[in-house]
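Peer 1: One file is attached below, structure_7.txt, containing compact mmCIF, C-alpha atoms.
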```
# COMPACT_ATOMS: atom_id res chain seq x y z
CA MET A 572 115.55 250.06 -66.61
CA PRO A 573 116.03 246.84 -64.66
CA VAL A 574 116.50 243.50 -66.37
CA GLU A 575 113.76 240.93 -65.71
CA VAL A 576 114.46 237.19 -65.68
CA THR A 577 111.69 234.58 -65.73
CA TRP A 578 112.49 230.90 -65.20
CA TRP A 579 110.06 228.59 -66.98
CA GLY A 580 111.85 225.39 -65.92
CA HIS A 581 114.90 223.38 -66.99
CA ALA A 582 117.13 225.76 -69.02
CA THR A 583 114.25 227.80 -70.44
CA CYS A 584 114.27 231.43 -69.33
CA THR A 585 113.07 234.77 -70.64
CA VAL A 586 115.46 237.68 -70.19
CA GLN A 587 113.93 241.11 -70.86
CA ASP A 588 116.50 243.83 -71.40
CA SER A 589 116.28 247.09 -73.36
CA ASN A 590 112.70 246.23 -74.44
CA ILE A 591 113.98 243.03 -76.09
CA ARG A 592 112.74 239.57 -75.05
CA VAL A 593 115.39 236.86 -75.14
CA LEU A 594 114.33 233.22 -74.76
CA THR A 595 116.87 230.54 -73.81
CA ASP A 596 116.76 226.86 -74.85
CA PRO A 597 112.97 226.72 -75.39
CA LEU A 598 111.37 223.49 -74.13
CA PHE A 599 107.58 223.54 -73.96
CA VAL A 600 106.54 219.89 -73.62
CA ARG A 601 105.41 217.69 -70.78
CA ARG A 602 107.29 214.66 -72.07
CA LEU A 603 110.51 214.27 -74.04
CA ALA A 604 111.51 210.69 -74.86
CA HIS A 605 112.13 209.01 -71.47
CA LEU A 606 111.76 212.28 -69.53
CA ARG A 607 108.60 213.76 -68.10
CA ARG A 608 108.01 217.12 -66.55
CA ARG A 609 107.69 216.25 -62.90
CA ARG A 610 107.35 219.73 -61.41
CA GLY A 611 105.95 223.04 -62.63
CA ALA A 612 103.22 223.85 -65.13
CA LEU A 613 104.10 224.01 -68.78
CA PRO A 614 105.14 227.48 -69.90
CA PRO A 615 102.01 229.38 -71.06
CA PRO A 616 101.68 230.61 -74.65
CA HIS A 617 102.96 234.08 -73.78
CA ALA A 618 106.27 232.43 -72.85
CA TRP A 619 106.71 231.59 -76.52
CA ASN A 620 106.97 235.30 -77.39
CA ALA A 621 110.53 236.41 -78.04
CA ASP A 622 112.51 238.72 -80.26
CA VAL A 623 115.43 236.30 -80.24
CA ALA A 624 115.81 232.71 -79.02
CA LEU A 625 119.15 231.21 -78.05
CA VAL A 626 120.07 227.52 -78.36
CA SER A 627 123.12 226.48 -76.37
CA HIS A 628 123.81 223.03 -77.84
CA LEU A 629 122.32 220.18 -79.81
CA HIS A 630 120.97 217.88 -77.08
CA ALA A 631 117.22 217.44 -77.50
CA ASP A 632 116.32 218.97 -74.13
CA HIS A 633 118.01 222.19 -75.29
CA LEU A 634 117.42 222.13 -79.05
CA HIS A 635 113.83 220.90 -79.28
CA VAL A 636 112.49 221.44 -82.78
CA PRO A 637 108.74 221.19 -81.94
CA SER A 638 109.16 223.84 -79.25
CA LEU A 639 111.08 226.10 -81.63
CA ALA A 640 108.27 225.68 -84.17
CA ARG A 641 105.94 227.48 -81.73
CA LEU A 642 107.94 230.69 -81.97
CA ALA A 643 106.33 233.49 -83.96
CA PRO A 644 107.29 233.96 -87.61
CA GLY A 645 110.30 236.22 -87.95
CA THR A 646 111.78 235.37 -84.55
CA ARG A 647 115.57 235.47 -84.63
CA LEU A 648 117.09 232.10 -83.65
CA LEU A 649 120.77 231.70 -82.77
CA VAL A 650 122.12 228.14 -82.93
CA PRO A 651 125.61 226.63 -82.71
CA ARG A 652 127.47 226.59 -86.00
CA GLY A 653 126.67 223.42 -87.93
CA ALA A 654 123.38 222.77 -86.13
CA PRO A 655 121.18 222.76 -89.28
CA ARG A 656 123.39 220.06 -90.79
CA ALA A 657 123.26 217.95 -87.63
CA VAL A 658 119.54 218.48 -86.94
CA PRO A 659 117.62 218.41 -90.24
CA GLY A 660 114.41 219.53 -88.52
CA LEU A 661 115.94 222.98 -88.10
CA ARG A 662 115.94 223.42 -91.87
CA ARG A 663 112.15 223.12 -91.88
CA LEU A 664 111.76 226.13 -89.59
CA THR A 665 111.66 228.47 -92.56
CA ARG A 666 109.51 231.05 -90.73
CA LEU A 667 112.35 231.74 -88.28
CA ARG A 668 115.51 233.76 -88.97
CA VAL A 669 118.17 231.18 -88.14
CA THR A 670 121.75 232.34 -87.59
CA GLU A 671 124.63 229.96 -86.87
CA VAL A 672 127.18 231.24 -84.35
CA ALA A 673 130.45 230.14 -82.78
CA PRO A 674 132.39 231.40 -79.75
CA GLY A 675 133.36 235.03 -80.20
CA ASP A 676 130.52 235.92 -82.58
CA VAL A 677 128.41 238.95 -81.64
CA ILE A 678 124.88 239.42 -83.00
CA ARG A 679 122.98 242.69 -82.64
CA VAL A 680 119.27 242.49 -81.81
CA GLY A 681 117.82 245.95 -81.37
CA ASP A 682 119.77 247.62 -78.58
CA LEU A 683 121.20 244.28 -77.41
CA ALA A 684 124.46 242.60 -78.32
CA VAL A 685 124.40 238.82 -77.91
CA ARG A 686 127.88 237.30 -77.66
CA ALA A 687 128.49 233.57 -77.99
CA VAL A 688 131.02 232.16 -75.50
CA PRO A 689 132.50 228.67 -75.08
CA ALA A 690 131.00 225.94 -72.90
CA LEU A 691 132.57 222.70 -71.72
CA HIS A 692 129.96 220.18 -72.86
CA ASP A 693 129.33 217.48 -75.46
CA GLY A 694 128.25 219.21 -78.67
CA ARG A 695 126.89 216.15 -80.49
CA ARG A 696 123.26 215.48 -81.31
CA LEU A 697 122.76 212.34 -79.25
CA PRO A 698 122.24 209.40 -79.29
CA VAL A 699 123.42 209.08 -82.89
CA GLY A 700 125.08 211.19 -85.52
CA PRO A 701 128.67 212.04 -86.42
CA HIS A 702 128.23 215.80 -86.61
CA ARG A 703 129.46 218.05 -83.84
CA SER A 704 128.70 221.66 -83.11
CA PRO A 705 130.26 223.78 -80.40
CA ALA A 706 128.39 223.92 -77.11
CA LEU A 707 127.83 227.55 -76.25
CA GLY A 708 126.90 229.98 -73.55
CA TYR A 709 125.73 233.48 -74.32
CA VAL A 710 126.28 236.93 -72.81
CA ILE A 711 123.33 239.26 -73.36
CA GLU A 712 124.58 242.85 -73.24
CA GLY A 713 122.14 245.74 -72.91
CA GLU A 714 121.17 247.61 -69.76
CA ALA A 715 123.08 244.81 -68.01
CA ARG A 716 125.32 241.92 -69.00
CA THR A 717 123.57 238.61 -68.38
CA TYR A 718 125.37 235.29 -68.81
CA PHE A 719 123.32 232.26 -69.82
CA ALA A 720 125.64 229.28 -69.38
CA GLY A 721 123.58 226.64 -71.21
CA ASP A 722 125.10 223.32 -70.11
CA THR A 723 128.74 223.45 -69.12
CA GLY A 724 131.34 222.10 -66.81
CA LEU A 725 133.77 224.26 -64.89
CA PHE A 726 136.79 225.24 -66.99
CA ASP A 727 139.92 227.23 -66.25
CA ASP A 728 139.27 230.17 -68.58
CA MET A 729 135.57 230.55 -67.78
CA ALA A 730 135.86 234.03 -66.24
CA LYS A 731 138.17 235.20 -69.05
CA GLU A 732 135.93 233.85 -71.83
CA VAL A 733 132.70 235.15 -70.29
CA GLY A 734 134.09 238.49 -69.14
CA PRO A 735 132.54 240.82 -66.56
CA VAL A 736 128.81 240.16 -66.06
CA ASP A 737 126.10 241.55 -63.83
CA ALA A 738 123.91 238.43 -63.68
CA ALA A 739 124.50 234.73 -64.26
CA LEU A 740 121.96 232.03 -65.10
CA LEU A 741 123.81 228.89 -64.04
CA PRO A 742 122.85 225.21 -64.33
CA VAL A 743 123.01 223.49 -60.95
CA GLY A 744 121.62 220.02 -61.67
CA GLY A 745 120.34 217.79 -64.44
CA TRP A 746 117.51 215.50 -65.49
CA GLY A 747 118.74 212.24 -64.00
CA PRO A 748 120.18 210.76 -60.82
CA TYR A 749 123.78 211.17 -61.98
CA LEU A 750 125.59 214.03 -63.69
CA GLY A 751 128.21 213.15 -66.26
CA GLU A 752 131.18 215.21 -67.35
CA GLY A 753 130.54 218.66 -68.71
CA HIS A 754 127.93 219.65 -66.13
CA LEU A 755 127.74 221.88 -63.09
CA ASP A 756 126.24 220.56 -59.90
CA ALA A 757 125.44 222.92 -57.03
CA GLY A 758 129.01 222.86 -55.71
CA ARG A 759 130.72 223.44 -59.04
CA ALA A 760 128.16 226.13 -59.91
CA ALA A 761 129.07 227.91 -56.68
CA GLN A 762 132.73 227.73 -57.70
CA ALA A 763 131.82 229.19 -61.09
CA LEU A 764 129.94 231.96 -59.33
CA ALA A 765 133.00 232.82 -57.26
CA ARG A 766 135.08 233.07 -60.44
CA LEU A 767 132.54 235.13 -62.39
CA ALA A 768 131.63 237.43 -59.48
CA PRO A 769 128.38 238.85 -60.89
CA ARG A 770 126.05 241.01 -58.86
CA SER A 771 123.26 238.40 -58.94
CA ALA A 772 122.58 234.83 -60.02
CA VAL A 773 119.64 232.55 -60.81
CA PRO A 774 120.01 228.74 -60.60
CA VAL A 775 118.44 226.83 -63.52
CA HIS A 776 118.47 223.34 -65.06
CA TYR A 777 117.16 221.38 -62.09
CA GLY A 778 113.91 220.24 -60.52
CA THR A 779 111.87 220.03 -63.74
CA TYR A 780 112.40 216.87 -65.84
CA TRP A 781 113.14 213.38 -64.53
CA PRO A 782 113.28 209.92 -66.14
CA ILE A 783 109.99 208.06 -66.12
CA GLY A 784 109.85 205.41 -63.41
CA MET A 785 112.86 206.75 -61.49
CA ASP A 786 111.13 209.05 -59.00
CA ALA A 787 112.56 207.11 -56.06
CA VAL A 788 116.13 206.88 -57.41
CA ARG A 789 118.34 209.49 -55.74
CA PRO A 790 115.44 211.96 -55.34
CA HIS A 791 117.84 214.36 -53.65
CA GLU A 792 119.34 215.07 -57.07
CA PHE A 793 115.95 216.28 -58.27
CA HIS A 794 114.73 218.30 -55.29
CA ALA A 795 117.80 219.76 -53.61
CA PRO A 796 120.20 221.41 -56.11
CA GLY A 797 118.57 224.85 -55.96
CA GLU A 798 118.70 225.05 -52.16
CA GLU A 799 122.22 223.59 -52.12
CA PHE A 800 123.39 226.20 -54.58
CA VAL A 801 121.95 229.00 -52.45
CA ARG A 802 123.77 227.63 -49.40
CA LEU A 803 127.10 227.03 -51.12
CA ALA A 804 126.99 230.35 -52.97
CA ALA A 805 126.61 232.12 -49.63
CA GLU A 806 129.85 230.46 -48.51
CA ARG A 807 131.93 230.83 -51.67
CA ALA A 808 130.54 234.01 -53.26
CA PRO A 809 128.89 235.90 -50.38
CA ARG A 810 128.67 239.18 -52.27
CA VAL A 811 126.44 237.67 -54.97
CA GLU A 812 122.67 237.92 -54.48
CA VAL A 813 121.13 234.57 -55.44
CA HIS A 814 117.48 234.38 -56.51
CA ARG A 815 116.03 230.86 -56.40
CA LEU A 816 112.91 231.14 -58.53
CA GLY A 817 109.89 228.88 -58.76
CA HIS A 818 108.64 227.75 -62.15
CA GLY A 819 107.13 230.73 -63.95
CA GLU A 820 108.47 233.18 -61.35
CA SER A 821 110.28 236.39 -62.30
CA VAL A 822 112.82 238.65 -60.66
CA ARG A 823 113.95 242.16 -61.57
CA LEU A 824 117.67 242.67 -61.39
CA GLY A 825 119.58 245.94 -61.36
CA GLY A 826 121.40 247.24 -64.40
CA ALA A 827 125.12 247.31 -65.02
CA ARG A 828 127.50 248.41 -62.32
```
Let's see the structure in the file written out as structure tokens.

Peer 2:
Amino acid sequence: MPVEVTWWGHATCTVQDSNIRVLTDPLFVRRLAHLRRRRGALPPPHAWNADVALVSHLHADHLHVPSLARLAPGTRLLVPRGAPRAVPGLRRLTRLRVTEVAPGDVIRVGDLAVRAVPALHDGRRLPVGPHRSPALGYVIEGEARTYFAGDTGLFDDMAKEVGPVDAALLPVGGWGPYLGEGHLDAGRAAQALARLAPRSAVPVHYGTYWPIGMDAVRPHEFHAPGEEFVRLAAERAPRVEVHRLGHGESVRLGGAR
């Protein structure tokens, strides 16, 4: 059975594998603080349906408590270890089955194994708060092995830590005109792709949210990362099939090699 990936915008995706629906970094709002959703319709209610939701790190555009509150009662929620202490709102989500994980942990969900892997990214809940949690990626192992990178920079042991994968959901941009440390732009994402060598890839985390009033500031950083990643991936990882999805668009990928 093929794996189906739907990109809802930003880092929010649904991965369907082995009859299990996995939702990544749910974000279902038109505005978040100084950010507004500039492109793509909001994910429809059926996007909220998941057997398990994965949160990669504590930043509010990835761990968004009001969006998590829309998940159905009983949904499994994996969060970085220490997240409930750092984000008190998580403790109010008593209808969800919250599990704290750290790199190396493996959680079984039906016929899937979800493995937490390291990410190179700031794990704090910004802009304030002393508590840190590890930033994570996840490898979803079922009919295929799908890597959701969350937010991460390029690091030396990435391929070793992630292991062999069939598909990679890689961030290629951000939500502002400049990317800080601990992020992948299109070029670094193409380098990551060459190291990971999956069969297929989907670029995410671009072209969705942008700071209010900054539409004319470096607009290239909003519009172009997806196309740039496709171009650079063809140069640096030509054997990988890249699927640049529109918001709400899905693609079926083959199973494990």

Peer 1: Extract, using all atoms listed in the file, all DNA, RNA and protein residues at most 8 Å from Arg647 (chain A), discarding same-chain residues fewer than 2 positions from it, and format them as an MDAnalysis selection string.

Peer 2: chainID A and resid 622:624 645 649 667:670

Peer 1: Using CA of Arg807 (chain A) and CA of Pro742 (chain A) as the two end points, give the distance in Å to one decimal.

Peer 2: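 Computed distance, CA of Arg807 (chain A) to CA of Pro742 (chain A), equals 16.6 Å.
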
Peer 1: Counting only C-alpha atoms, what is within 8 Å of region 782-790 of chain A, bar same-chain residues fewer than 3 positions away, as an mmCIF file with C-alpha atoms, in the frame of the given file?

Peer 2:
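Result file out_17.cif:
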```
data_model
loop_
_atom_site.group_PDB
_atom_site.id
_atom_site.type_symbol
_atom_site.label_atom_id
_atom_site.label_comp_id
_atom_site.auth_asym_id
_atom_site.auth_seq_id
_atom_site.Cartn_x
_atom_site.Cartn_y
_atom_site.Cartn_z
ATOM 1 C CA HIS A 605 112.130 209.010 -71.470
ATOM 2 C CA LEU A 606 111.760 212.280 -69.530
ATOM 3 C CA ARG A 607 108.600 213.760 -68.100
ATOM 4 C CA TRP A 746 117.510 215.500 -65.490
ATOM 5 C CA GLY A 747 118.740 212.240 -64.000
ATOM 6 C CA PRO A 748 120.180 210.760 -60.820
ATOM 7 C CA PHE A 793 115.950 216.280 -58.270
ATOM 8 C CA HIS A 794 114.730 218.300 -55.290
#
```

Peer 1: Which residue is closest to His814 (chain A)? Choose from A:Arg770, A:His791, A:His630, A:Arg695 and count all atoms listed in the file.

Peer 2: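 Result for the nearest residue to His814 (chain A): A:Arg770.
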
Peer 1: Out of A:Ala687, A:Tyr780, A:Pro809, A:Glu799, which residue has the shortest atom-to-atom distance to Arg601 (chain A) when counting all atoms listed in the file?

Peer 2: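 Among the listed residues, A:Tyr780 lies closest to Arg601 (chain A).
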
Peer 1: Write out as an NGL selection string which residues come within 8 Å of region 729-740 of chain A when counting only C-alpha atoms, dropping same-chain ones fewer than 6 positions away.

Peer 2: :A and (688-689 or 710 or 715-720 or 763-764 or 766-775 or 824 or 826-828)

Peer 1: My list of candidates is A:Gly660, A:Gly753, A:Pro573, A:Gly744. Which is closest to Ala706 (chain A) when distances are computed with only C-alpha atoms?

Peer 2: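 Nearest candidate to Ala706 (chain A) out of A:Gly660, A:Gly753, A:Pro573, A:Gly744: A:Gly753.
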
Peer 1: Give the answer as one residue: which of A:Ser627, A:Gln762, A:Thr595, A:Gln587 has the shortest atom-to-atom distance to Ala654 (chain A), using all atoms listed in the file?

Peer 2: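 So, comparing all the options, the nearest one is A:Ser627.
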
Peer 1: Taking only C-alpha atoms into account, which of A:His776, A:Arg592, A:Arg815, A:Arg663 comes nearest Leu683 (chain A)?

Peer 2: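 Among A:His776, A:Arg592, A:Arg815, A:Arg663, it is A:Arg592 that comes nearest to Leu683 (chain A).
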
Peer 1: Give me, as a PyMOL selection string, all polymer residues having an atom no more than 7 Å from Val822 (chain A), counting only C-alpha atoms and skipping those fewer than 2 positions away in the same chain.

Peer 2: chain A and resi 575-577+824

Peer 1: Can you tell me how far CA of Pro614 (chain A) sits from CA of Leu803 (chain A), in Å to one decimal?

Peer 2: 28.9 Å

Peer 1: Mind filling out region 602-631 of chain A with N, CA and C atoms and sending it as a tab-separated table (two decimals), in the frame of the given file?

Peer 2:
```tsv
chain	number	residue	atom	x	y	z
A	602	ARG	N	106.48	215.87	-71.97
A	602	ARG	CA	107.29	214.66	-72.07
A	602	ARG	C	108.26	214.77	-73.23
A	603	LEU	N	109.49	214.30	-73.01
A	603	LEU	CA	110.51	214.27	-74.04
A	603	LEU	C	111.23	212.93	-73.92
A	604	ALA	N	110.93	212.03	-74.88
A	604	ALA	CA	111.51	210.69	-74.86
A	604	ALA	C	111.24	210.05	-73.50
A	605	HIS	N	112.29	209.71	-72.75
A	605	HIS	CA	112.13	209.01	-71.47
A	605	HIS	C	111.97	209.99	-70.30
A	606	LEU	N	111.89	211.26	-70.59
A	606	LEU	CA	111.76	212.28	-69.53
A	606	LEU	C	110.33	212.79	-69.46
A	607	ARG	N	109.89	213.07	-68.26
A	607	ARG	CA	108.60	213.76	-68.10
A	607	ARG	C	108.80	214.95	-67.18
A	608	ARG	N	107.97	215.94	-67.40
A	608	ARG	CA	108.01	217.12	-66.55
A	608	ARG	C	107.36	216.78	-65.22
A	609	ARG	N	108.16	216.69	-64.20
A	609	ARG	CA	107.69	216.25	-62.90
A	609	ARG	C	107.22	217.40	-62.01
A	610	ARG	N	107.71	218.60	-62.25
A	610	ARG	CA	107.35	219.73	-61.41
A	610	ARG	C	107.16	220.97	-62.29
A	611	GLY	N	106.17	221.78	-61.93
A	611	GLY	CA	105.95	223.04	-62.63
A	611	GLY	C	105.03	222.88	-63.82
A	612	ALA	N	104.11	223.85	-63.97
A	612	ALA	CA	103.22	223.85	-65.13
A	612	ALA	C	104.00	224.13	-66.40
A	613	LEU	N	103.47	223.68	-67.51
A	613	LEU	CA	104.10	224.01	-68.78
A	613	LEU	C	104.10	225.52	-68.98
A	614	PRO	N	105.13	226.05	-69.62
A	614	PRO	CA	105.14	227.48	-69.90
A	614	PRO	C	103.91	227.88	-70.71
A	615	PRO	N	103.21	228.95	-70.33
A	615	PRO	CA	102.01	229.38	-71.06
A	615	PRO	C	102.37	229.95	-72.42
A	616	PRO	N	101.38	230.12	-73.29
A	616	PRO	CA	101.68	230.61	-74.65
A	616	PRO	C	102.45	231.93	-74.68
A	617	HIS	N	102.23	232.82	-73.71
A	617	HIS	CA	102.96	234.08	-73.78
A	617	HIS	C	104.45	233.87	-73.55
A	618	ALA	N	104.85	232.72	-73.00
A	618	ALA	CA	106.27	232.43	-72.85
A	618	ALA	C	106.94	232.18	-74.19
A	619	TRP	N	106.13	231.86	-75.21
A	619	TRP	CA	106.71	231.59	-76.52
A	619	TRP	C	107.12	232.88	-77.23
A	620	ASN	N	106.69	234.03	-76.72
A	620	ASN	CA	106.97	235.30	-77.39
A	620	ASN	C	108.42	235.73	-77.13
A	621	ALA	N	109.14	235.99	-78.17
A	621	ALA	CA	110.53	236.41	-78.04
A	621	ALA	C	110.94	237.17	-79.29
A	622	ASP	N	111.88	238.08	-79.12
A	622	ASP	CA	112.51	238.72	-80.26
A	622	ASP	C	113.66	237.87	-80.78
A	623	VAL	N	114.32	237.18	-79.86
A	623	VAL	CA	115.43	236.30	-80.24
A	623	VAL	C	115.43	235.12	-79.29
A	624	ALA	N	115.67	233.93	-79.83
A	624	ALA	CA	115.81	232.71	-79.02
A	624	ALA	C	117.23	232.20	-79.18
A	625	LEU	N	117.78	231.71	-78.07
A	625	LEU	CA	119.15	231.21	-78.05
A	625	LEU	C	119.15	229.71	-77.79
A	626	VAL	N	119.89	228.96	-78.57
A	626	VAL	CA	120.07	227.52	-78.36
A	626	VAL	C	121.53	227.29	-78.00
A	627	SER	N	121.75	226.63	-76.87
A	627	SER	CA	123.12	226.48	-76.37
A	627	SER	C	123.86	225.31	-76.99
A	628	HIS	N	123.16	224.20	-77.25
A	628	HIS	CA	123.81	223.03	-77.84
A	628	HIS	C	122.76	222.10	-78.39
A	629	LEU	N	123.20	220.99	-78.97
A	629	LEU	CA	122.32	220.18	-79.81
A	629	LEU	C	121.50	219.14	-79.06
A	630	HIS	N	121.74	218.90	-77.80
A	630	HIS	CA	120.97	217.88	-77.08
A	630	HIS	C	119.48	218.23	-77.13
A	631	ALA	N	118.64	217.22	-77.20
A	631	ALA	CA	117.22	217.44	-77.50
A	631	ALA	C	116.47	218.19	-76.41
```
